[in-house]
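Report on the structure given below.
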Amino acid sequence: MKKVAIIAQTKEGQLSDASKSLISFVSSFNPESILLLAIGDIKFSTVSASKSIDVVQLTEGLWTDSVSIQPLIQAVGGYSVLGIKSIQVDNLLSLLAASSSQEMISGIQQMSYSGGKFSITKSIFSGKASLSLTSETAGYFSLNRNFDFSANSSFEEQSINSVSTLSRAAGSKASIIALKPITGSIPLPDAALVVGAGRGLKDPGNWTIVEDLAKALGAATACSKPVSDLNWRPHHEHVGQTGVKISPNLYIACGISGAIQHLAGVNGSRIVVVINNDPEAPFFKHADYGIVGDVNDILPRLTKKLQTH
């Protein structure tokens, strides 16, 4: 493999754990060069990789159209570009692919490189099936958030060759009107543990039992679309086909029937626990573990048990 670029995300100046894992994973392919496209400020000098790398910091906010993206297209020419699924990363990858007339492959569950080609397994039909394929050309690849990096995690830290800044091209029609960051809770796309709830809670005032359980677990909170539509919870917590798609290690669904639209947003979860007082709820067919009972009774007891251990 000749060239690989990685879209990495930073938090408070440091690479996210997922981005570090991706760098180590890509390094195992033994590329000639690695280019790190960092979204956000950079305050680091080393990363976990088998080769030293170059860093390009993406600045000036949104990269949202074919005009603004041109400098980035030139920077990654001839590179295979990989990123871990998020709204921001997928938007960037799809725009790069469309603007350069190359292929983008998303929903990647497994990936390897040998003999000059990528071997890929990706999810299809909203996660109900998998597709195996190969790619011999440089392309754009989006890995699922629950991608298993464990087999490629032991690489020595190497110095970064250089850090440069890449700005959007002038003439873009997109602009940032205001920045209103979500504060407080763990961001859903980054959460390893998620507690979600639906109309089975019966009243928005009962949501404290969901928040208490999430706090005890160190988890993020989520909701079904009807709950968001009723303004019981903010829209950014809506998980489903038209909301946020998550891939946590554990998803606990409380009082959610399991409509296909909701399942499409959570089918990347490694373990699913369903709590519902209806034993015929469709969600039980997709659960690894199920509890039949009233969430308003079970959740406080579960939280108390967690708090005593």
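Ordering of the structure tokens sets the chain letters (A, B, ...); residue numbers start at 1 within each chain; ligands are numbered from 1 in the order shown.
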Check: Could you pull the residues within 7 Å of range 250-267 of chain A, counting only C-alpha atoms, minus those fewer than 3 positions along the same chain, as an NGL selection string?
Finding: :A and (126-127 or 192-201 or 224 or 239-241 or 244-247 or 270-276 or 281-283 or 295)
I need the residues from that last selection saved to file as a compact mmCIF listing (two decimals), in the first residue's frame (with C-alpha atoms), if you can.
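Result file follows (part-v1.txt):
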```txt
# COMPACT_ATOMS: atom_id res chain seq x y z
CA SER A 126 -30.21 -1.52 7.56
CA GLY A 127 -27.91 -4.07 9.19
CA ALA A 192 -19.88 2.85 24.36
CA LEU A 193 -22.95 2.45 26.58
CA VAL A 194 -26.42 3.85 25.78
CA VAL A 195 -29.72 3.78 27.67
CA GLY A 196 -32.70 4.56 25.43
CA ALA A 197 -36.35 4.95 26.30
CA GLY A 198 -39.69 5.35 24.58
CA ARG A 199 -43.31 6.09 25.33
CA GLY A 200 -43.36 3.20 27.78
CA LEU A 201 -42.17 5.69 30.36
CA SER A 224 -37.31 6.88 20.20
CA VAL A 239 -32.04 7.31 17.64
CA GLY A 240 -33.41 5.68 14.50
CA GLN A 241 -33.55 5.67 10.73
CA VAL A 244 -28.73 9.32 15.11
CA LYS A 245 -27.35 5.88 14.28
CA ILE A 246 -25.35 4.32 17.10
CA SER A 247 -23.02 1.35 17.55
CA ARG A 270 -22.99 -5.37 20.10
CA ILE A 271 -25.34 -6.30 22.94
CA VAL A 272 -29.00 -5.26 23.16
CA VAL A 273 -31.05 -5.50 26.36
CA VAL A 274 -34.81 -4.88 26.04
CA ILE A 275 -37.08 -4.00 28.96
CA ASN A 276 -40.79 -3.93 28.12
CA ALA A 281 -43.03 -6.48 21.70
CA PRO A 282 -41.11 -6.88 18.39
CA PHE A 283 -37.88 -5.66 19.99
CA VAL A 295 -39.66 0.02 33.23
```
Run DSSP on the backbone and grab whatever in range 169-272 of chain A lands in strand (DSSP E or B); send it over as a compact mmCIF listing (two decimals) with C-alpha atoms, in the first residue's frame.
```
# COMPACT_ATOMS: atom_id res chain seq x y z
CA LEU A 193 -22.95 2.45 26.58
CA VAL A 194 -26.42 3.85 25.78
CA VAL A 195 -29.72 3.78 27.67
CA GLY A 196 -32.70 4.56 25.43
CA ALA A 197 -36.35 4.95 26.30
CA ALA A 220 -25.40 8.28 27.19
CA THR A 221 -29.18 8.67 26.98
CA ALA A 222 -31.28 8.21 23.83
CA CYS A 223 -34.94 8.15 22.86
CA HIS A 238 -33.49 10.64 18.78
CA VAL A 239 -32.04 7.31 17.64
CA VAL A 244 -28.73 9.32 15.11
CA LEU A 250 -24.32 -2.10 25.10
CA TYR A 251 -27.75 -0.65 24.31
CA ILE A 252 -30.53 -0.88 26.90
CA ALA A 253 -33.96 -0.17 25.35
CA CYS A 254 -36.57 0.78 27.94
CA ILE A 271 -25.34 -6.30 22.94
CA VAL A 272 -29.00 -5.26 23.16
```
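Residues within 7 Å of Phe141 in chain A, counting only C-alpha atoms and excluding same-chain residues fewer than 4 positions away, are Val81, Leu82, Gly83, Met104, Ile105 and Ser106 of chain A.
Closest approach to Glu32 in chain A among A:Ser80, A:Thr308, A:Thr121, A:Ser16: A:Ser80, based on only C-alpha atoms.
Residues surrounding Ile298 in chain A within 10 Å are Ile209, Cys254, Ile275, Asn276, Ile291, Val292, Gly293, Asp294, Leu302 and Thr303 of chain A [only C-alpha atoms; sequence separation below 4 positions excluded].
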Just want the 7 Å neighbourhood of Gln109 in chain A, counted on only C-alpha atoms, with same-chain residues fewer than 2 positions away dropped. Output as a PDB file with C-alpha atoms, in the first residue's frame.
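Saved result, out_12.pdb, follows:
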```pdb
ATOM      1  CA  GLY A 107     -20.913   0.562   7.015  1.00  0.00           C
ATOM      2  CA  MET A 111     -11.464  -4.875   6.715  1.00  0.00           C
ATOM      3  CA  THR A 121     -17.363  -6.860   4.903  1.00  0.00           C
ATOM      4  CA  LYS A 122     -20.071  -4.199   5.194  1.00  0.00           C
ATOM      5  CA  SER A 123     -23.605  -4.086   6.542  1.00  0.00           C
ATOM      6  CA  LEU A 143     -15.808   2.135   9.334  1.00  0.00           C
ATOM      7  CA  ASN A 144     -18.641   1.314  11.737  1.00  0.00           C
ATOM      8  CA  PHE A 147     -15.295  -1.947  14.333  1.00  0.00           C
TER       9      PHE A 147
END
```
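The closest residue to Ala214 in chain A, picked from A:Ile108, A:Leu133, A:Leu306, A:Ala138 and counting only C-alpha atoms, is A:Leu306.
If you look at CA of Trp207 in chain A and CA of Val227 in chain A, they are 10.8 Å away from each other.
Within 10 Å of Gly77 in chain A, once only C-alpha atoms are used and residues closer than 5 positions along the same chain are dropped, the contacting residues are Lys3, Ala5, Leu72, Ser100 and Ala138 of chain A.
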Keeping only N, CA, C and O atoms, write the selected residues to a file as a short mmCIF file (atom, residue, chain, number, x, y, z; two decimals), in the first residue's frame.
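Result written to out_17.cif:
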```cif
data_model
loop_
_atom_site.label_atom_id
_atom_site.label_comp_id
_atom_site.auth_asym_id
_atom_site.auth_seq_id
_atom_site.Cartn_x
_atom_site.Cartn_y
_atom_site.Cartn_z
N LYS A 3 -0.27 4.99 -0.09
CA LYS A 3 -0.64 6.16 0.69
C LYS A 3 -2.00 5.95 1.35
O LYS A 3 -2.95 5.49 0.72
N ALA A 5 -4.74 8.14 3.99
CA ALA A 5 -5.11 9.32 4.78
C ALA A 5 -6.20 8.91 5.77
O ALA A 5 -7.08 8.11 5.45
N LEU A 72 -8.77 20.23 -0.26
CA LEU A 72 -8.66 18.93 0.39
C LEU A 72 -8.57 17.80 -0.63
O LEU A 72 -7.83 16.83 -0.45
N SER A 100 -14.48 13.84 -6.53
CA SER A 100 -13.33 13.25 -7.24
C SER A 100 -13.72 12.04 -8.08
O SER A 100 -12.85 11.35 -8.60
N ALA A 138 -7.68 3.16 -4.85
CA ALA A 138 -7.78 4.11 -3.73
C ALA A 138 -9.21 4.62 -3.67
O ALA A 138 -9.79 5.00 -4.69
#
```
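In this comparison, which uses only C-alpha atoms, the residue of A:Asp212, A:Glu103, A:Asp288, A:Glu136 approaching Lys117 in chain A most closely is A:Glu136.
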Check: Between CA of Leu37 in chain A and CA of Val56 in chain A, what is the spacing in Å?
Finding: 5.0 Å
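Of the residues listed (A:Ile7, A:Ile23, A:Ile53, A:Leu36), A:Ile7 shows the shortest atom-to-atom separation from Leu93 in chain A; distances use only C-alpha atoms.
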Margin query: What's the separation between CA of Ile69 in chain A and CA of Leu188 in chain A, in Å to one decimal place?
Written below: 27.1 Å
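You can rank A:Gly139, A:Ala219, A:Pro279, A:Gly205 by their closest distance to Asn296 in chain A using only C-alpha atoms, and at the top of that list sits A:Gly205.
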Notebook entry, point to check: Counting only C-alpha atoms, what is within 10 Å of Lys304 in chain A, bar same-chain residues fewer than 5 positions away, as a list in words?
Noted result: Asp212, Leu213, Ala216, Leu299 and His309 of chain A
